[in-house]
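Coordinates as given in data01.pdb (PDB, C-alpha atoms and all ligand atoms):
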```
ATOM      1  CA  MET A 996    -107.919 187.728  85.203
ATOM      2  CA  GLU A 997    -104.720 185.903  86.126
ATOM      3  CA  ASP A 998    -104.009 183.649  83.210
ATOM      4  CA  CYS A 999    -102.695 186.118  80.661
ATOM      5  CA  HIS A1000     -99.115 186.448  79.488
ATOM      6  CA  SER A1001     -98.666 190.059  78.448
ATOM      7  CA  PRO A1002     -99.110 193.151  80.623
ATOM      8  CA  PHE A1003    -100.920 194.789  77.724
ATOM      9  CA  THR A1004    -103.402 191.926  77.444
ATOM     10  CA  CYS A1005    -103.858 191.689  81.223
ATOM     11  CA  ALA A1006    -104.627 195.389  81.624
ATOM     12  CA  ARG A1007    -107.132 195.330  78.801
ATOM     13  CA  LEU A1008    -108.838 192.155  79.998
ATOM     14  CA  ASN A1009    -108.909 193.308  83.642
ATOM     15  CA  SER A1010    -110.789 196.426  82.573
ATOM     16  CA  LEU A1011    -113.447 194.232  80.952
ATOM     17  CA  GLU A1012    -113.799 191.571  83.620
ATOM     18  CA  GLY A1013    -117.422 190.867  84.487
ATOM     19  CA  SER A1014    -118.715 192.431  81.313
ATOM     20  CA  ASP A1015    -120.404 190.271  78.669
ATOM     21  CA  GLN A1016    -117.937 191.702  76.177
ATOM     22  CA  VAL A1017    -115.103 189.776  77.773
ATOM     23  CA  GLY A1018    -115.136 186.729  75.521
ATOM     24  CA  GLN A1019    -115.400 188.750  72.308
ATOM     25  CA  GLU A1020    -112.844 191.333  73.356
ATOM     26  CA  ALA A1021    -110.394 188.722  74.640
ATOM     27  CA  GLY A1022    -110.624 187.040  71.262
ATOM     28  CA  ARG A1023    -109.898 190.311  69.466
ATOM     29  CA  VAL A1024    -106.884 191.023  71.674
ATOM     30  CA  VAL A1025    -105.449 187.562  71.116
ATOM     31  CA  VAL A1026    -106.005 187.747  67.346
ATOM     32  CA  ALA A1027    -104.372 191.193  67.223
ATOM     33  CA  LEU A1028    -101.349 189.942  69.140
ATOM     34  CA  VAL A1029    -100.975 186.907  66.923
ATOM     35  CA  GLN A1030    -101.366 188.938  63.710
ATOM     36  CA  ARG A1031     -98.791 191.439  64.935
ATOM     37  CA  ASP A1032     -96.359 188.591  65.731
ATOM     38  CA  PRO A1033     -93.517 190.725  67.066
ATOM     39  CA  GLY A1034     -90.978 188.044  66.208
ATOM     40  CA  ARG A1035     -91.509 188.402  62.441
ATOM     41  CA  LEU A1036     -89.078 190.349  60.262
ATOM     42  CA  ASP A1037     -91.181 190.734  57.117
ATOM     43  CA  GLY A1038     -90.147 193.826  55.172
ATOM     44  CA  ARG A1039     -86.872 194.154  57.081
ATOM     45  CA  VAL A1040     -83.422 193.917  55.520
ATOM     46  CA  ALA A1041     -80.476 192.332  57.307
ATOM     47  CA  ILE A1042     -76.754 192.135  56.596
ATOM     48  CA  VAL A1043     -74.692 189.297  58.073
ATOM     49  CA  PRO A1044     -70.898 189.760  57.919
ATOM     50  CA  GLY A1045     -69.371 186.313  58.430
ATOM     51  CA  GLY A1046     -72.592 184.839  57.061
ATOM     52  CA  GLY A1047     -70.598 182.104  55.324
ATOM     53  CA  GLY A1048     -69.382 180.737  58.658
ATOM     54  CA  ALA A1049     -70.918 178.183  60.969
ATOM     55  CA  ILE A1050     -72.847 180.573  63.201
ATOM     56  CA  GLY A1051     -73.323 183.237  60.507
ATOM     57  CA  SER A1052     -74.952 180.860  58.035
ATOM     58  CA  ALA A1053     -77.394 179.703  60.742
ATOM     59  CA  MET A1054     -78.141 183.352  61.566
ATOM     60  CA  ALA A1055     -78.723 184.259  57.912
ATOM     61  CA  ALA A1056     -81.070 181.298  57.435
ATOM     62  CA  ALA A1057     -82.994 182.138  60.619
ATOM     63  CA  LEU A1058     -83.379 185.818  59.663
ATOM     64  CA  SER A1059     -84.678 184.761  56.261
ATOM     65  CA  GLY A1060     -87.022 182.231  57.868
ATOM     66  CA  ALA A1061     -88.471 185.046  59.977
ATOM     67  CA  GLY A1062     -89.184 187.040  56.812
ATOM     68  CA  ALA A1063     -86.133 189.291  56.352
ATOM     69  CA  LYS A1064     -84.272 189.888  53.114
ATOM     70  CA  VAL A1065     -80.655 189.025  53.822
ATOM     71  CA  ALA A1066     -77.228 190.039  52.507
ATOM     72  CA  VAL A1067     -74.722 187.294  53.340
ATOM     73  CA  VAL A1068     -71.151 188.614  53.462
ATOM     74  CA  ASP A1069     -67.946 186.639  53.688
ATOM     75  CA  MET A1070     -64.287 186.854  52.633
ATOM     76  CA  THR A1071     -65.147 185.558  49.161
ATOM     77  CA  GLU A1072     -68.357 185.740  47.206
ATOM     78  CA  GLU A1073     -68.149 181.948  46.759
ATOM     79  CA  ARG A1074     -68.161 181.389  50.516
ATOM     80  CA  ALA A1075     -71.077 183.783  50.927
ATOM     81  CA  GLU A1076     -72.944 182.142  48.057
ATOM     82  CA  ALA A1077     -72.551 178.679  49.617
ATOM     83  CA  ALA A1078     -74.611 179.951  52.565
ATOM     84  CA  ALA A1079     -76.969 182.004  50.406
ATOM     85  CA  ALA A1080     -77.863 179.199  47.978
ATOM     86  CA  PRO A1081     -79.961 177.085  50.405
ATOM     87  CA  ILE A1082     -81.782 180.227  51.571
ATOM     88  CA  ARG A1083     -82.614 181.124  47.977
ATOM     89  CA  ALA A1084     -83.663 177.534  47.279
ATOM     90  CA  ALA A1085     -86.075 177.763  50.222
ATOM     91  CA  GLY A1086     -87.667 180.885  48.677
ATOM     92  CA  GLY A1087     -85.781 183.574  50.618
ATOM     93  CA  GLU A1088     -84.545 186.830  49.093
ATOM     94  CA  VAL A1089     -80.797 186.807  49.556
ATOM     95  CA  LEU A1090     -77.688 188.517  48.231
ATOM     96  CA  ALA A1091     -74.161 187.034  48.440
ATOM     97  CA  LEU A1092     -71.268 189.480  48.758
ATOM     98  CA  GLY A1093     -67.515 188.982  49.059
ATOM     99  CA  ALA A1094     -65.740 191.503  51.298
ATOM    100  CA  ASP A1095     -63.026 191.918  53.908
ATOM    101  CA  VAL A1096     -64.852 193.726  56.702
ATOM    102  CA  THR A1097     -61.606 194.796  58.339
ATOM    103  CA  LYS A1098     -61.414 197.306  55.453
ATOM    104  CA  GLU A1099     -63.538 200.443  55.546
ATOM    105  CA  GLU A1100     -64.028 200.604  51.787
ATOM    106  CA  ASP A1101     -65.346 197.029  51.717
ATOM    107  CA  CYS A1102     -67.805 197.813  54.522
ATOM    108  CA  GLU A1103     -69.076 200.862  52.642
ATOM    109  CA  ARG A1104     -69.436 198.775  49.480
ATOM    110  CA  ILE A1105     -71.441 195.921  51.038
ATOM    111  CA  VAL A1106     -73.815 198.281  52.818
ATOM    112  CA  ALA A1107     -74.330 200.295  49.620
ATOM    113  CA  ALA A1108     -74.923 197.085  47.633
ATOM    114  CA  THR A1109     -77.466 195.864  50.188
ATOM    115  CA  VAL A1110     -79.392 199.154  50.187
ATOM    116  CA  GLU A1111     -79.265 199.309  46.393
ATOM    117  CA  ARG A1112     -80.640 195.769  46.065
ATOM    118  CA  PHE A1113     -83.231 195.771  48.868
ATOM    119  CA  GLY A1114     -83.951 199.490  49.345
ATOM    120  CA  ARG A1115     -83.108 199.772  53.041
ATOM    121  CA  LEU A1116     -81.079 198.335  55.898
ATOM    122  CA  ASP A1117     -82.578 197.506  59.297
ATOM    123  CA  ILE A1118     -80.404 194.837  60.907
ATOM    124  CA  ILE A1119     -76.748 193.859  61.192
ATOM    125  CA  VAL A1120     -75.676 190.607  62.848
ATOM    126  CA  ASN A1121     -71.895 190.608  63.253
ATOM    127  CA  CYS A1122     -70.635 187.042  62.873
ATOM    128  CA  VAL A1123     -66.987 187.626  61.925
ATOM    129  CA  GLY A1124     -64.657 186.650  64.720
ATOM    130  CA  GLY A1125     -63.129 183.814  66.672
ATOM    131  CA  GLY A1126     -59.602 182.494  66.255
ATOM    132  CA  ALA A1127     -59.178 181.786  69.963
ATOM    133  CA  GLY A1128     -58.075 178.182  69.673
ATOM    134  CA  LYS A1129     -55.497 179.009  66.976
ATOM    135  CA  VAL A1130     -53.346 181.362  69.071
ATOM    136  CA  LEU A1131     -52.993 180.088  72.621
ATOM    137  CA  PHE A1132     -50.038 181.557  74.502
ATOM    138  CA  ASP A1133     -49.066 182.171  78.098
ATOM    139  CA  ALA A1134     -50.278 185.610  79.150
ATOM    140  CA  GLU A1135     -46.796 186.884  80.025
ATOM    141  CA  ASP A1136     -45.455 185.977  76.565
ATOM    142  CA  TYR A1137     -48.543 186.670  74.458
ATOM    143  CA  PRO A1138     -47.096 187.710  71.065
ATOM    144  CA  ARG A1139     -48.030 191.091  69.667
ATOM    145  CA  ASP A1140     -48.809 189.782  66.163
ATOM    146  CA  ALA A1141     -51.250 187.157  67.500
ATOM    147  CA  TRP A1142     -52.837 189.817  69.722
ATOM    148  CA  ASP A1143     -53.283 192.175  66.762
ATOM    149  CA  TRP A1144     -54.724 189.410  64.580
ATOM    150  CA  ILE A1145     -57.365 188.481  67.164
ATOM    151  CA  TYR A1146     -58.283 192.159  67.569
ATOM    152  CA  GLU A1147     -58.539 192.678  63.795
ATOM    153  CA  LEU A1148     -60.683 189.584  63.372
ATOM    154  CA  ASN A1149     -63.053 190.274  66.267
ATOM    155  CA  VAL A1150     -63.068 193.975  67.122
ATOM    156  CA  ARG A1151     -62.050 195.832  63.970
ATOM    157  CA  SER A1152     -64.420 193.715  61.829
ATOM    158  CA  THR A1153     -67.356 194.396  64.142
ATOM    159  CA  LEU A1154     -66.458 198.081  64.467
ATOM    160  CA  LEU A1155     -66.128 198.879  60.762
ATOM    161  CA  ALA A1156     -69.088 196.820  59.564
ATOM    162  CA  THR A1157     -71.323 198.290  62.259
ATOM    163  CA  GLN A1158     -70.228 201.881  61.583
ATOM    164  CA  ALA A1159     -71.138 201.537  57.901
ATOM    165  CA  ALA A1160     -74.443 199.805  58.702
ATOM    166  CA  VAL A1161     -75.475 202.320  61.343
ATOM    167  CA  ARG A1162     -74.780 205.256  59.022
ATOM    168  CA  ALA A1163     -77.233 203.638  56.569
ATOM    169  CA  MET A1164     -79.794 202.987  59.339
ATOM    170  CA  LYS A1165     -79.557 206.624  60.437
ATOM    171  CA  ALA A1166     -80.038 207.769  56.851
ATOM    172  CA  GLY A1167     -83.071 205.482  56.549
ATOM    173  CA  GLY A1168     -84.669 207.081  59.604
ATOM    174  CA  ARG A1169     -86.459 203.897  60.691
ATOM    175  CA  GLY A1170     -84.174 202.871  63.560
ATOM    176  CA  GLY A1171     -82.447 199.537  63.481
ATOM    177  CA  ARG A1172     -80.971 196.544  65.221
ATOM    178  CA  VAL A1173     -77.324 195.677  65.868
ATOM    179  CA  LEU A1174     -76.514 192.228  67.234
ATOM    180  CA  ASN A1175     -72.933 191.385  68.183
ATOM    181  CA  ILE A1176     -71.415 188.066  69.163
ATOM    182  CA  SER A1177     -69.428 188.232  72.345
ATOM    183  CA  SER A1178     -68.566 185.119  74.376
ATOM    184  CA  VAL A1179     -68.752 183.842  77.920
ATOM    185  CA  ARG A1180     -64.986 184.524  77.747
ATOM    186  CA  ALA A1181     -65.744 188.264  78.001
ATOM    187  CA  SER A1182     -66.539 187.650  81.661
ATOM    188  CA  LEU A1183     -64.821 184.344  82.508
ATOM    189  CA  GLY A1184     -61.088 183.743  82.552
ATOM    190  CA  ILE A1185     -59.821 180.399  81.260
ATOM    191  CA  ASN A1186     -56.474 178.864  82.125
ATOM    192  CA  ALA A1187     -55.638 178.053  78.492
ATOM    193  CA  GLY A1188     -53.769 180.929  76.797
ATOM    194  CA  TYR A1189     -56.829 182.995  75.794
ATOM    195  CA  SER A1190     -55.566 186.524  76.675
ATOM    196  CA  ALA A1191     -56.257 188.216  73.331
ATOM    197  CA  TYR A1192     -59.625 186.535  72.807
ATOM    198  CA  VAL A1193     -60.994 187.381  76.257
ATOM    199  CA  ALA A1194     -59.840 190.977  75.787
ATOM    200  CA  ALA A1195     -61.390 191.206  72.321
ATOM    201  CA  LYS A1196     -64.712 189.769  73.480
ATOM    202  CA  GLY A1197     -64.614 192.089  76.490
ATOM    203  CA  ALA A1198     -64.274 194.938  73.997
ATOM    204  CA  ILE A1199     -67.272 193.638  72.027
ATOM    205  CA  SER A1200     -69.389 193.547  75.200
ATOM    206  CA  SER A1201     -68.264 197.059  76.190
ATOM    207  CA  LEU A1202     -68.923 198.435  72.708
ATOM    208  CA  THR A1203     -72.376 196.842  72.807
ATOM    209  CA  ARG A1204     -73.245 198.886  75.903
ATOM    210  CA  GLN A1205     -71.553 202.038  74.566
ATOM    211  CA  TRP A1206     -73.266 201.891  71.167
ATOM    212  CA  ALA A1207     -76.622 201.110  72.814
ATOM    213  CA  THR A1208     -76.240 204.287  74.813
ATOM    214  CA  GLU A1209     -75.185 206.439  71.858
ATOM    215  CA  TRP A1210     -77.558 205.136  69.210
ATOM    216  CA  ALA A1211     -80.767 204.899  71.254
ATOM    217  CA  LYS A1212     -81.569 208.420  70.080
ATOM    218  CA  HIS A1213     -81.747 207.057  66.522
ATOM    219  CA  GLY A1214     -84.059 204.180  67.510
ATOM    220  CA  ILE A1215     -81.210 201.705  67.031
ATOM    221  CA  THR A1216     -80.873 198.967  69.643
ATOM    222  CA  VAL A1217     -77.563 197.181  70.216
ATOM    223  CA  ASN A1218     -77.332 193.850  72.005
ATOM    224  CA  ALA A1219     -75.018 190.865  72.078
ATOM    225  CA  ILE A1220     -75.170 187.164  72.666
ATOM    226  CA  ALA A1221     -72.404 185.510  74.662
ATOM    227  CA  PRO A1222     -72.229 181.788  73.883
ATOM    228  CA  THR A1223     -70.083 179.163  75.493
ATOM    229  CA  PHE A1224     -68.570 176.546  73.164
ATOM    230  CA  VAL A1225     -70.719 176.032  70.089
ATOM    231  CA  ASP A1226     -70.082 172.861  68.142
ATOM    232  CA  THR A1227     -68.507 174.403  65.006
ATOM    233  CA  PRO A1228     -65.353 173.851  62.931
ATOM    234  CA  GLN A1229     -63.639 176.767  64.769
ATOM    235  CA  VAL A1230     -63.608 174.849  68.033
ATOM    236  CA  ALA A1231     -63.492 171.314  66.610
ATOM    237  CA  MET A1232     -59.773 170.951  67.347
ATOM    238  CA  LEU A1233     -60.510 171.598  71.033
ATOM    239  CA  LEU A1234     -63.736 169.610  71.310
ATOM    240  CA  ASP A1235     -62.264 166.668  69.378
ATOM    241  CA  ASP A1236     -60.162 165.985  72.461
ATOM    242  CA  PRO A1237     -62.513 163.812  74.567
ATOM    243  CA  ALA A1238     -60.892 164.859  77.858
ATOM    244  CA  PHE A1239     -61.172 168.555  76.995
ATOM    245  CA  LYS A1240     -64.794 168.173  75.901
ATOM    246  CA  ALA A1241     -65.703 166.180  79.011
ATOM    247  CA  GLY A1242     -64.192 168.957  81.150
ATOM    248  CA  VAL A1243     -66.197 171.616  79.305
ATOM    249  CA  VAL A1244     -69.449 169.663  79.480
ATOM    250  CA  SER A1245     -69.000 168.871  83.175
ATOM    251  CA  ARG A1246     -69.066 172.628  83.928
ATOM    252  CA  ILE A1247     -72.257 173.290  81.930
ATOM    253  CA  PRO A1248     -75.412 172.575  83.972
ATOM    254  CA  LEU A1249     -77.429 171.610  80.885
ATOM    255  CA  GLY A1250     -74.757 168.994  80.196
ATOM    256  CA  ARG A1251     -73.755 169.697  76.602
ATOM    257  CA  VAL A1252     -72.041 172.275  74.390
ATOM    258  CA  GLY A1253     -74.199 174.514  72.223
ATOM    259  CA  GLY A1254     -75.309 174.049  68.633
ATOM    260  CA  THR A1255     -75.797 176.873  66.145
ATOM    261  CA  SER A1256     -79.578 176.435  66.424
ATOM    262  CA  ASP A1257     -79.299 177.293  70.133
ATOM    263  CA  LEU A1258     -78.360 180.856  69.126
ATOM    264  CA  THR A1259     -80.935 181.712  66.483
ATOM    265  CA  GLY A1260     -83.994 182.149  68.702
ATOM    266  CA  ALA A1261     -82.231 184.822  70.730
ATOM    267  CA  ALA A1262     -81.015 186.458  67.522
ATOM    268  CA  ILE A1263     -84.549 186.745  66.163
ATOM    269  CA  PHE A1264     -85.683 188.208  69.477
ATOM    270  CA  PHE A1265     -82.946 190.863  69.440
ATOM    271  CA  CYS A1266     -83.483 191.683  65.736
ATOM    272  CA  SER A1267     -87.258 192.011  65.920
ATOM    273  CA  ASP A1268     -89.917 194.181  67.537
ATOM    274  CA  ALA A1269     -90.102 191.579  70.333
ATOM    275  CA  SER A1270     -87.092 193.363  71.890
ATOM    276  CA  SER A1271     -88.192 196.970  71.272
ATOM    277  CA  PHE A1272     -87.347 198.052  74.836
ATOM    278  CA  VAL A1273     -84.171 195.972  75.195
ATOM    279  CA  THR A1274     -80.794 197.510  74.443
ATOM    280  CA  GLY A1275     -77.237 197.245  75.759
ATOM    281  CA  GLN A1276     -77.781 193.672  76.948
ATOM    282  CA  ILE A1277     -75.399 190.734  76.737
ATOM    283  CA  LEU A1278     -77.321 187.461  76.829
ATOM    284  CA  GLY A1279     -75.394 184.396  77.938
ATOM    285  CA  ILE A1280     -76.285 181.368  75.827
ATOM    286  CA  ASP A1281     -74.263 178.907  77.808
ATOM    287  CA  GLY A1282     -76.395 176.107  79.231
ATOM    288  CA  GLY A1283     -76.135 177.760  82.644
ATOM    289  CA  LEU A1284     -72.320 177.978  82.751
ATOM    290  CA  THR A1285     -72.140 181.580  83.967
ATOM    291  CA  ALA A1286     -74.875 180.897  86.538
ATOM    292  CA  THR A1287     -72.421 178.617  88.324
ATOM    293  CA  GLN A1288     -69.663 181.233  88.684
TER     294      GLN A1288
HETATM  295  N1  LIG B   1     -67.873 178.588  67.745
HETATM  296  C1  LIG B   1     -67.901 178.851  69.045
HETATM  297  O1  LIG B   1     -67.772 177.994  69.918
HETATM  298  C2  LIG B   1     -68.127 180.261  69.501
HETATM  299  C3  LIG B   1     -68.387 180.512  70.842
HETATM  300  C4  LIG B   1     -68.573 181.821  71.274
HETATM  301  C5  LIG B   1     -68.516 182.850  70.350
HETATM  302  N2  LIG B   1     -68.259 182.562  69.055
HETATM  303  C6  LIG B   1     -68.169 183.675  68.125
HETATM  304  O2  LIG B   1     -69.116 183.524  67.085
HETATM  305  C7  LIG B   1     -68.616 184.163  65.906
HETATM  306  C8  LIG B   1     -68.707 183.206  64.727
HETATM  307  O3  LIG B   1     -67.982 182.036  65.031
HETATM  308  P1  LIG B   1     -68.020 180.768  64.062
HETATM  309  O4  LIG B   1     -67.730 179.587  64.916
HETATM  310  O5  LIG B   1     -69.250 180.776  63.204
HETATM  311  O6  LIG B   1     -66.745 181.069  63.151
HETATM  312  P2  LIG B   1     -66.508 180.751  61.586
HETATM  313  O7  LIG B   1     -65.042 180.818  61.359
HETATM  314  O8  LIG B   1     -67.221 179.514  61.180
HETATM  315  O9  LIG B   1     -67.217 181.986  60.882
HETATM  316  C9  LIG B   1     -66.591 183.234  60.727
HETATM  317  C10 LIG B   1     -66.750 183.643  59.286
HETATM  318  O10 LIG B   1     -66.207 184.949  59.141
HETATM  319  C11 LIG B   1     -65.499 185.008  57.926
HETATM  320  N3  LIG B   1     -64.519 186.070  58.007
HETATM  321  C12 LIG B   1     -63.367 186.070  58.739
HETATM  322  N4  LIG B   1     -62.731 187.248  58.572
HETATM  323  C13 LIG B   1     -63.499 187.975  57.745
HETATM  324  C14 LIG B   1     -63.375 189.290  57.207
HETATM  325  N5  LIG B   1     -62.308 190.066  57.506
HETATM  326  N6  LIG B   1     -64.329 189.760  56.362
HETATM  327  C15 LIG B   1     -65.406 188.977  56.066
HETATM  328  N7  LIG B   1     -65.577 187.731  56.551
HETATM  329  C16 LIG B   1     -64.641 187.240  57.381
HETATM  330  C17 LIG B   1     -64.887 183.626  57.777
HETATM  331  O11 LIG B   1     -64.530 183.351  56.429
HETATM  332  C18 LIG B   1     -65.990 182.752  58.304
HETATM  333  O12 LIG B   1     -66.861 182.320  57.280
HETATM  334  C19 LIG B   1     -67.189 184.636  66.261
HETATM  335  O13 LIG B   1     -67.229 185.970  66.694
HETATM  336  C20 LIG B   1     -66.815 183.753  67.437
HETATM  337  O14 LIG B   1     -65.854 184.341  68.287
HETATM  338  C21 LIG B   1     -68.069 181.301  68.606
END
```

What does this structure look like when you write it as structure tokens?
Ligand SMILES: NC(=O)c1ccc[n+]([C@@H]2O[C@H](COP(=O)([O-])OP(=O)(O)OC[C@H]3O[C@@H](n4cnc5c(N)ncnc54)[C@H](O)[C@@H]3O)[C@@H](O)[C@H]2O)c1
Amino acid sequence: MEDCHSPFTCARLNSLEGSDQVGQEAGRVVVALVQRDPGRLDGRVAIVPGGGGAIGSAMAAALSGAGAKVAVVDMTEERAEAAAAPIRAAGGEVLALGADVTKEEDCERIVAATVERFGRLDIIVNCVGGGAGKVLFDAEDYPRDAWDWIYELNVRSTLLATQAAVRAMKAGGRGGRVLNISSVRASLGINAGYSAYVAAKGAISSLTRQWATEWAKHGITVNAIAPTFVDTPQVAMLLDDPAFKAGVVSRIPLGRVGGTSDLTGAAIFFCSDASSFVTGQILGIDGGLTATQ
């Protein structure tokens, strides 16, 4: 029995090979697997800080499409609502919340509001961050205020939002999923003034492994995706320069920069039962860029 795609299915079918039950049993196994669809998120509740942004709004829509109820969080309720409205229009259950997730009290408030509205919290996808292209300085002169801003935006936001979410997941007793957004820059230097950003994304990758180790005992998995350039407003000022973009694309084996839809499949995997035995992993979503290094 060679043509089966899951170890579970293979073992079960191998034990039946030669028996006249094979056809019937194989059918039952396949139906059970399909009905269980481990990539669905029905009944789960997700919170997406930065859900009003380019990547965050795609994440929120994808989580909703997979069946989750979603709290979209951004700096203002209006920005969150702009991302929530199309989800609601498509029939999703969604809540729009304004908050500054670099503030502990705001993080407590959005988690409490999500649990109050939807009854539980299972998933956090941390989409606040970035800023790299706005503060490019030579490493030896990197200014302290720019450094602190990048750390606030990327590390403090992820830290505080995740702490509040994980306390709620622990209280719920059903485990949970944390998905962070790192970057290929966590592992690749770039000769373009990125000191603070590479350090901040390195911290996100390290925290992903640390939290995975600490929170496994609560059934909470922690993973990260590490994209290369994704075609979004944050990096438009860089990618709008044809020479810069050509240089970037020439280093990516798949020959293009990413789109937000390139990230959502991995996000659903990491947020669902499909990744039950996967934690502490940083998945490059980079068209093969890091494979070349
Ligand atoms: N765009 C890329 O090329 C790229 C590549 C690799 C990694 N990333 C990472 O992906 C993440 C999302 O990037 P993006 O391109 O969608 O950025 P974005 O600016 O479009 O989205 C970020 C969102 O976070 C919100 N936000 C900022 N500070 C906040 C705060 N304190 N509280 C609440 N909300 C806040 C912003 O208003 C914005 O809506 C970032 O961590 C970024 O570093 C992006």

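Proximity ranking of A:Gly1170, A:Gly1253, A:Gly1283, A:Gly1214 relative to ligand LIG 1 (chain B) places A:Gly1253 first, based on only C-alpha atoms and all ligand atoms.
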
Shell of 12 Å around segment 1238-1247 of chain A, only C-alpha atoms, local chain residues under 5 positions omitted, as a ChimeraX atom specification: /A:1179,1185,1187,1222-1226,1230-1233,1252-1253,1280-1288

So that all listed atoms of ligand LIG 1 (chain B) fit with 8 Å spare on each side, what axis-aligned box centre and edge lengths in Å, to one decimal, would you give as JSON?
```
{"center_x": -65.8, "center_y": 184.0, "center_z": 63.7, "size_x": 22.9, "size_y": 28.1, "size_z": 31.2}
```

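Using only C-alpha atoms, the nearest neighbour of Glu1147 of chain A within the list A:Gly1045, A:Gly1167, A:Gly1124, A:Gly1254 is A:Gly1124.
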
Contacts with ligand LIG 1 (chain B) at most 7 Å, all atoms listed in the file counted, listed as a ChimeraX atom specification: /A:1044-1051,1068-1070,1074,1094-1097,1122-1126,1148-1149,1152,1176-1179,1221-1230

Completion step: segment 1161-1175 of chain A with N, CA and C atoms as an mmCIF file, in the coordinates of the input:
```cif
data_model
loop_
_atom_site.group_PDB
_atom_site.id
_atom_site.type_symbol
_atom_site.label_atom_id
_atom_site.label_comp_id
_atom_site.auth_asym_id
_atom_site.auth_seq_id
_atom_site.Cartn_x
_atom_site.Cartn_y
_atom_site.Cartn_z
ATOM 1 N N VAL A 1161 -74.712 201.359 60.534
ATOM 2 C CA VAL A 1161 -75.475 202.320 61.343
ATOM 3 C C VAL A 1161 -75.629 203.656 60.601
ATOM 4 N N ARG A 1162 -74.610 204.030 59.822
ATOM 5 C CA ARG A 1162 -74.780 205.256 59.022
ATOM 6 C C ARG A 1162 -75.963 205.086 58.056
ATOM 7 N N ALA A 1163 -76.107 203.881 57.478
ATOM 8 C CA ALA A 1163 -77.233 203.638 56.569
ATOM 9 C C ALA A 1163 -78.558 203.605 57.338
ATOM 10 N N MET A 1164 -78.559 203.017 58.527
ATOM 11 C CA MET A 1164 -79.794 202.987 59.339
ATOM 12 C C MET A 1164 -80.221 204.410 59.707
ATOM 13 N N LYS A 1165 -79.252 205.223 60.101
ATOM 14 C CA LYS A 1165 -79.557 206.624 60.437
ATOM 15 C C LYS A 1165 -80.167 207.332 59.223
ATOM 16 N N ALA A 1166 -79.547 207.118 58.070
ATOM 17 C CA ALA A 1166 -80.038 207.769 56.851
ATOM 18 C C ALA A 1166 -81.451 207.296 56.521
ATOM 19 N N GLY A 1167 -81.742 206.020 56.822
ATOM 20 C CA GLY A 1167 -83.071 205.482 56.549
ATOM 21 C C GLY A 1167 -84.140 206.035 57.477
ATOM 22 N N GLY A 1168 -83.732 206.443 58.673
ATOM 23 C CA GLY A 1168 -84.669 207.081 59.604
ATOM 24 C C GLY A 1168 -85.708 206.149 60.205
ATOM 25 N N ARG A 1169 -85.479 204.850 60.145
ATOM 26 C CA ARG A 1169 -86.459 203.897 60.691
ATOM 27 C C ARG A 1169 -85.919 203.150 61.897
ATOM 28 N N GLY A 1170 -84.799 203.600 62.457
ATOM 29 C CA GLY A 1170 -84.174 202.871 63.560
ATOM 30 C C GLY A 1170 -83.448 201.657 63.044
ATOM 31 N N GLY A 1171 -83.157 200.727 63.931
ATOM 32 C CA GLY A 1171 -82.447 199.537 63.481
ATOM 33 C C GLY A 1171 -82.064 198.636 64.633
ATOM 34 N N ARG A 1172 -81.400 197.557 64.255
ATOM 35 C CA ARG A 1172 -80.971 196.544 65.221
ATOM 36 C C ARG A 1172 -79.522 196.155 64.927
ATOM 37 N N VAL A 1173 -78.699 196.192 65.971
ATOM 38 C CA VAL A 1173 -77.324 195.677 65.868
ATOM 39 C C VAL A 1173 -77.225 194.512 66.840
ATOM 40 N N LEU A 1174 -76.757 193.376 66.352
ATOM 41 C CA LEU A 1174 -76.514 192.228 67.234
ATOM 42 C C LEU A 1174 -75.059 191.787 67.074
ATOM 43 N N ASN A 1175 -74.335 191.807 68.177
ATOM 44 C CA ASN A 1175 -72.933 191.385 68.183
ATOM 45 C C ASN A 1175 -72.809 189.992 68.784
#
```
